[in-house]
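Pasted below: model.cif, mmCIF, C-alpha atoms and all ligand atoms.
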data_target
#
loop_
_atom_site.group_PDB
_atom_site.id
_atom_site.type_symbol
_atom_site.label_atom_id
_atom_site.label_comp_id
_atom_site.auth_asym_id
_atom_site.auth_seq_id
_atom_site.Cartn_x
_atom_site.Cartn_y
_atom_site.Cartn_z
ATOM 1 C CA MET N 1 32.655 -17.438 10.619
ATOM 2 C CA THR N 2 31.684 -14.349 12.516
ATOM 3 C CA ASP N 3 29.538 -15.970 15.205
ATOM 4 C CA SER N 4 31.174 -13.848 17.876
ATOM 5 C CA ASP N 5 29.493 -10.774 16.339
ATOM 6 C CA SER N 6 26.000 -12.225 16.290
ATOM 7 C CA GLY N 7 25.068 -11.363 19.859
ATOM 8 C CA ILE N 8 26.228 -7.774 19.705
ATOM 9 C CA SER N 9 23.506 -5.190 19.666
ATOM 10 C CA ARG N 10 24.469 -1.915 18.070
ATOM 11 C CA GLY N 11 21.093 -0.354 18.653
ATOM 12 C CA GLY N 12 18.609 -0.679 15.821
ATOM 13 C CA GLU N 13 19.687 -4.112 14.715
ATOM 14 C CA PRO N 14 18.630 -4.768 11.148
ATOM 15 C CA SER N 15 15.886 -7.366 11.027
ATOM 16 C CA PRO N 16 16.778 -10.433 8.997
ATOM 17 C CA GLU N 17 15.480 -10.638 5.443
ATOM 18 C CA LEU N 18 12.772 -13.260 4.995
ATOM 19 C CA CYS N 19 11.908 -15.182 1.859
ATOM 20 C CA ASP N 20 8.733 -13.697 0.358
ATOM 21 C CA LEU N 21 7.592 -17.200 -0.587
ATOM 22 C CA CYS N 22 8.397 -19.508 2.332
ATOM 23 C CA GLY N 23 9.285 -17.032 5.101
ATOM 24 C CA ALA N 24 12.690 -18.572 5.775
ATOM 25 C CA VAL N 25 15.477 -16.301 6.992
ATOM 26 C CA ILE N 26 17.709 -15.546 4.007
ATOM 27 C CA SER N 27 21.448 -15.705 4.394
ATOM 28 C CA ALA N 28 23.513 -13.154 2.497
ATOM 29 C CA ARG N 29 24.910 -15.948 0.348
ATOM 30 C CA SER N 30 21.533 -17.356 -0.735
ATOM 31 C CA LEU N 31 19.734 -14.033 -1.229
ATOM 32 C CA ARG N 32 18.031 -13.696 -4.611
ATOM 33 C CA TYR N 33 15.875 -10.768 -5.649
ATOM 34 C CA ALA N 34 13.941 -9.495 -8.618
ATOM 35 C CA PHE N 35 11.594 -6.662 -9.541
ATOM 36 C CA VAL N 36 8.085 -7.699 -10.486
ATOM 37 C CA PRO N 37 5.107 -5.720 -11.822
ATOM 38 C CA ASP N 38 2.678 -4.869 -8.997
ATOM 39 C CA SER N 39 -0.073 -2.253 -9.347
ATOM 40 C CA SER N 40 -0.404 -1.991 -5.546
ATOM 41 C CA ALA N 41 3.225 -0.841 -5.134
ATOM 42 C CA VAL N 42 3.549 2.932 -4.581
ATOM 43 C CA TYR N 43 6.596 4.446 -2.899
ATOM 44 C CA TRP N 44 6.548 7.514 -0.675
ATOM 45 C CA HIS N 45 10.098 8.528 -1.468
ATOM 46 C CA ASP N 46 10.735 7.006 -4.878
ATOM 47 C CA PRO N 47 7.806 7.531 -7.274
ATOM 48 C CA LYS N 48 9.933 6.277 -10.174
ATOM 49 C CA MET N 49 9.553 2.806 -8.652
ATOM 50 C CA ASP N 50 5.749 2.910 -8.627
ATOM 51 C CA GLY N 51 4.176 -0.215 -10.101
ATOM 52 C CA ARG N 52 7.177 -2.406 -9.339
ATOM 53 C CA ARG N 53 7.923 -4.424 -6.238
ATOM 54 C CA MET N 54 11.180 -6.003 -5.168
ATOM 55 C CA VAL N 55 10.739 -9.593 -4.079
ATOM 56 C CA MET N 56 13.388 -11.506 -2.149
ATOM 57 C CA SER N 57 13.842 -15.213 -1.857
ATOM 58 C CA CYS N 58 16.011 -17.857 -0.263
ATOM 59 C CA SER N 59 16.769 -19.686 -3.499
ATOM 60 C CA ALA N 60 16.613 -19.425 -7.281
ATOM 61 C CA GLU N 61 13.646 -21.851 -7.294
ATOM 62 C CA HIS N 62 11.618 -19.733 -4.911
ATOM 63 C CA LEU N 63 12.464 -16.579 -6.848
ATOM 64 C CA GLU N 64 11.205 -18.249 -10.018
ATOM 65 C CA GLN N 65 7.911 -19.155 -8.287
ATOM 66 C CA LEU N 66 7.517 -15.627 -6.897
ATOM 67 C CA VAL N 67 8.110 -14.006 -10.277
ATOM 68 C CA ALA N 68 5.644 -16.409 -11.916
ATOM 69 C CA GLU N 69 3.058 -15.627 -9.214
ATOM 70 C CA TYR N 70 3.297 -11.876 -9.826
ATOM 71 C CA GLN N 71 3.193 -12.336 -13.589
ATOM 72 C CA ARG N 72 -0.130 -14.195 -13.228
ATOM 73 C CA ARG N 73 -1.604 -11.393 -11.104
ATOM 74 C CA PRO N 74 -3.595 -8.788 -12.997
ATOM 75 C CA PHE N 75 -1.907 -5.384 -13.153
ATOM 76 C CA VAL N 76 -4.750 -2.937 -12.443
ATOM 77 C CA GLU N 77 -3.817 0.541 -13.689
ATOM 78 C CA ALA N 78 -6.619 2.159 -11.649
ATOM 79 C CA GLU N 79 -5.146 0.628 -8.477
ATOM 80 C CA LEU N 80 -1.770 2.204 -9.253
ATOM 81 C CA TRP N 81 -3.419 5.588 -9.944
ATOM 82 C CA ALA N 82 -5.362 5.338 -6.670
ATOM 83 C CA GLY N 83 -2.072 4.783 -4.849
ATOM 84 C CA LYS N 84 -0.498 7.811 -6.552
ATOM 85 C CA MET N 85 -3.531 9.908 -5.563
ATOM 86 C CA ALA N 86 -3.349 8.731 -1.953
ATOM 87 C CA ARG N 87 0.329 9.684 -1.832
ATOM 88 C CA ALA N 88 -0.342 13.158 -3.298
ATOM 89 C CA MET N 89 -3.132 13.738 -0.770
ATOM 90 C CA PHE N 90 -0.889 12.559 2.063
ATOM 91 C CA TRP N 91 1.834 15.006 0.988
ATOM 92 C CA HIS N 92 -0.722 17.826 1.134
ATOM 93 C CA SER N 93 -2.292 16.597 4.397
ATOM 94 C CA GLY N 94 -5.516 15.860 2.539
ATOM 95 C CA GLU N 95 -5.984 19.503 1.495
ATOM 96 C CA VAL N 96 -5.326 19.650 -2.200
ATOM 97 C CA SER N 97 -7.096 21.270 -5.129
ATOM 98 C CA GLU N 98 -8.011 19.140 -8.131
ATOM 99 C CA ASP N 99 -5.343 20.807 -10.268
ATOM 100 C CA GLU N 100 -2.677 20.213 -7.625
ATOM 101 C CA LEU N 101 -3.793 16.625 -7.340
ATOM 102 C CA PHE N 102 -3.545 16.041 -11.097
ATOM 103 C CA ALA N 103 -0.107 17.668 -11.240
ATOM 104 C CA GLU N 104 1.270 16.023 -8.104
ATOM 105 C CA ALA N 105 0.039 12.545 -8.956
ATOM 106 C CA GLY N 106 0.886 12.994 -12.648
ATOM 107 C CA LEU N 107 -2.604 11.843 -13.617
ATOM 108 C CA SER N 108 -5.255 13.034 -16.058
ATOM 109 C CA ARG N 109 -8.832 13.775 -14.981
ATOM 110 C CA GLU N 110 -9.976 10.513 -16.571
ATOM 111 C CA GLN N 111 -7.324 8.532 -14.673
ATOM 112 C CA VAL N 112 -8.340 10.167 -11.389
ATOM 113 C CA GLU N 113 -11.979 9.264 -12.066
ATOM 114 C CA GLN N 114 -11.050 5.647 -12.759
ATOM 115 C CA ALA N 115 -8.895 5.561 -9.622
ATOM 116 C CA VAL N 116 -11.780 6.867 -7.491
ATOM 117 C CA THR N 117 -14.138 4.283 -9.009
ATOM 118 C CA TRP N 118 -11.610 1.523 -8.321
ATOM 119 C CA HIS N 119 -11.135 2.736 -4.743
ATOM 120 C CA ASN N 120 -14.892 2.825 -4.070
ATOM 121 C CA LEU N 121 -15.386 -0.684 -5.471
ATOM 122 C CA GLU N 122 -12.453 -1.917 -3.390
ATOM 123 C CA VAL N 123 -13.906 -0.408 -0.192
ATOM 124 C CA GLU N 124 -17.253 -2.065 -0.984
ATOM 125 C CA ARG N 125 -15.558 -5.408 -1.690
ATOM 126 C CA ARG N 126 -13.645 -5.271 1.608
ATOM 127 C CA GLN N 127 -16.796 -4.417 3.534
ATOM 128 C CA GLN N 128 -18.526 -7.425 1.981
ATOM 129 C CA LEU N 129 -15.607 -9.647 2.951
ATOM 130 C CA ARG N 130 -15.699 -8.308 6.524
ATOM 131 C CA ARG N 131 -19.449 -9.015 6.783
ATOM 132 C CA GLY N 132 -18.824 -12.520 5.492
ATOM 133 C CA ASP N 133 -20.840 -12.019 2.334
ATOM 134 C CA ASP N 134 -19.812 -14.403 -0.367
ATOM 135 C CA PRO N 135 -21.241 -13.300 -3.704
ATOM 136 C CA ALA N 136 -19.966 -16.480 -5.340
ATOM 137 C CA GLY N 137 -21.264 -18.757 -2.593
ATOM 138 C CA ASP N 138 -24.290 -21.055 -2.589
ATOM 139 C CA GLN N 139 -27.652 -19.433 -2.026
HETATM 140 ZN ZN ZN H 1 12.027 -19.553 0.252
#
Could you rewrite the structure in this file as C-alpha cells?
Amino acid sequence: MTDSDSGISRGGEPSPELCDLCGAVISARSLRYAFVPDSSAVYWHDPKMDGRRMVMSCSAEHLEQLVAEYQRRPFVEAELWAGKMARAMFWHSGEVSEDELFAEAGLSREQVEQAVTWHNLEVERRQQLRRGDDPAGDQ
C-alpha cells in the first residue's frame, strides 16, 4: 500500500482515469483498454491515429460492452474527412488555399466536397435539436 503518497501534491496531479462506460475511477490493476473505430476521432498531434479512439474501462465486461457499442455505431467517412479538414485549417489559422488544404488533409476534391456537405448537414441537424424540432415526432 502506498496510501501515504496519496495526499501529496506534486503540482499538476494527474486526474484519475474513469471508465468510459460507468464513470468509475479505474485502478491501475483493473484498467482495460482497446482501440475502436470512431469517425469523429481526429488527433492534433498524431494523424496516424485518426478514425480510432482509445476506450478505457474498469473491467473486462465493461470493455466488451464499450467495444460492442462502437462497433454498432456507423463509421461515417465524411465525418472523418471533415475532422481532417478542420485540423488542416486550424494549422493554417483558417487561411489556406484549396491545394494546401487537399495536401495537408490528405484528401481528394471529392472527399472535401463530401466533408463540407456532411458538416453543413450536421450544423443544420444541431440547430434543429437546439430549437427543439423533432422531425420524427408526432405532428
Ligand atoms: Zn465500468
task = Could you report the residues within 12 Å of ligand ZN 1 (chain H), using only C-alpha atoms and all ligand atoms, as a ChimeraX atom specification?
result = /N:17-27,30-33,55-66
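Residues in contact with Glu110 of chain N at 12 Å, where all atoms listed in the file are counted and same-chain residues fewer than 5 positions away are skipped, are listed as Ala78, Trp81, Phe102, Ala115, Val116 and Thr117 of chain N.
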task = On this file, the PyMOL selection byres (((chain N and resi 39) around 10) and not hetatm) gives some set of residues; write that set as JSON, numbers by chain.
result = {"N": [36, 37, 38, 40, 41, 42, 50, 51, 52, 53, 73, 74, 75, 76, 77, 78, 79, 80, 81, 82, 83]}
query = By how many Å are atom CA of Trp44 of chain N and atom CA of Gln111 of chain N apart?
reply = 19.7 Å
Sorted per-residue table, segment 55-90 of chain N near segment 96-101 of chain N, closest atoms and distance, 12 Å, only C-alpha atoms, as a Markdown table:
| residue | atom | partner | partner_atom | distance |
| --- | --- | --- | --- | --- |
| N:Trp81 | CA | N:Leu101 | CA | 11.3 |
| N:Ala82 | CA | N:Leu101 | CA | 11.4 |
| N:Lys84 | CA | N:Leu101 | CA | 9.4 |
| N:Met85 | CA | N:Leu101 | CA | 7.0 |
| N:Ala86 | CA | N:Leu101 | CA | 9.6 |
| N:Arg87 | CA | N:Leu101 | CA | 9.8 |
| N:Ala88 | CA | N:Leu101 | CA | 6.3 |
| N:Met89 | CA | N:Val96 | CA | 6.5 |
| N:Phe90 | CA | N:Val96 | CA | 9.4 |
Find the smallest box with edges along x, y and z containing every listed atom of segment 126-130 of chain N, then add 6 Å on each side and report centre and edge lengths in Å to one decimal, as lines of an AutoDock Vina configuration file.
center_x = -16.1
center_y = -7.0
center_z = 4.1
size_x = 16.9
size_y = 17.2
size_z = 16.9
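Using only C-alpha atoms, the nearest neighbour of Gly106 of chain N within the list N:Gly132, N:Arg125, N:Arg72, N:Pro47 is N:Pro47.
With distances restricted to all atoms listed in the file, N:Ala34 is the closest residue to Val67 of chain N from N:Ala34, N:Ala105, N:Asp133, N:Glu122.
Here atom CA of Arg126 of chain N stands at a distance of 18.2 Å from atom CA of Gln114 of chain N.
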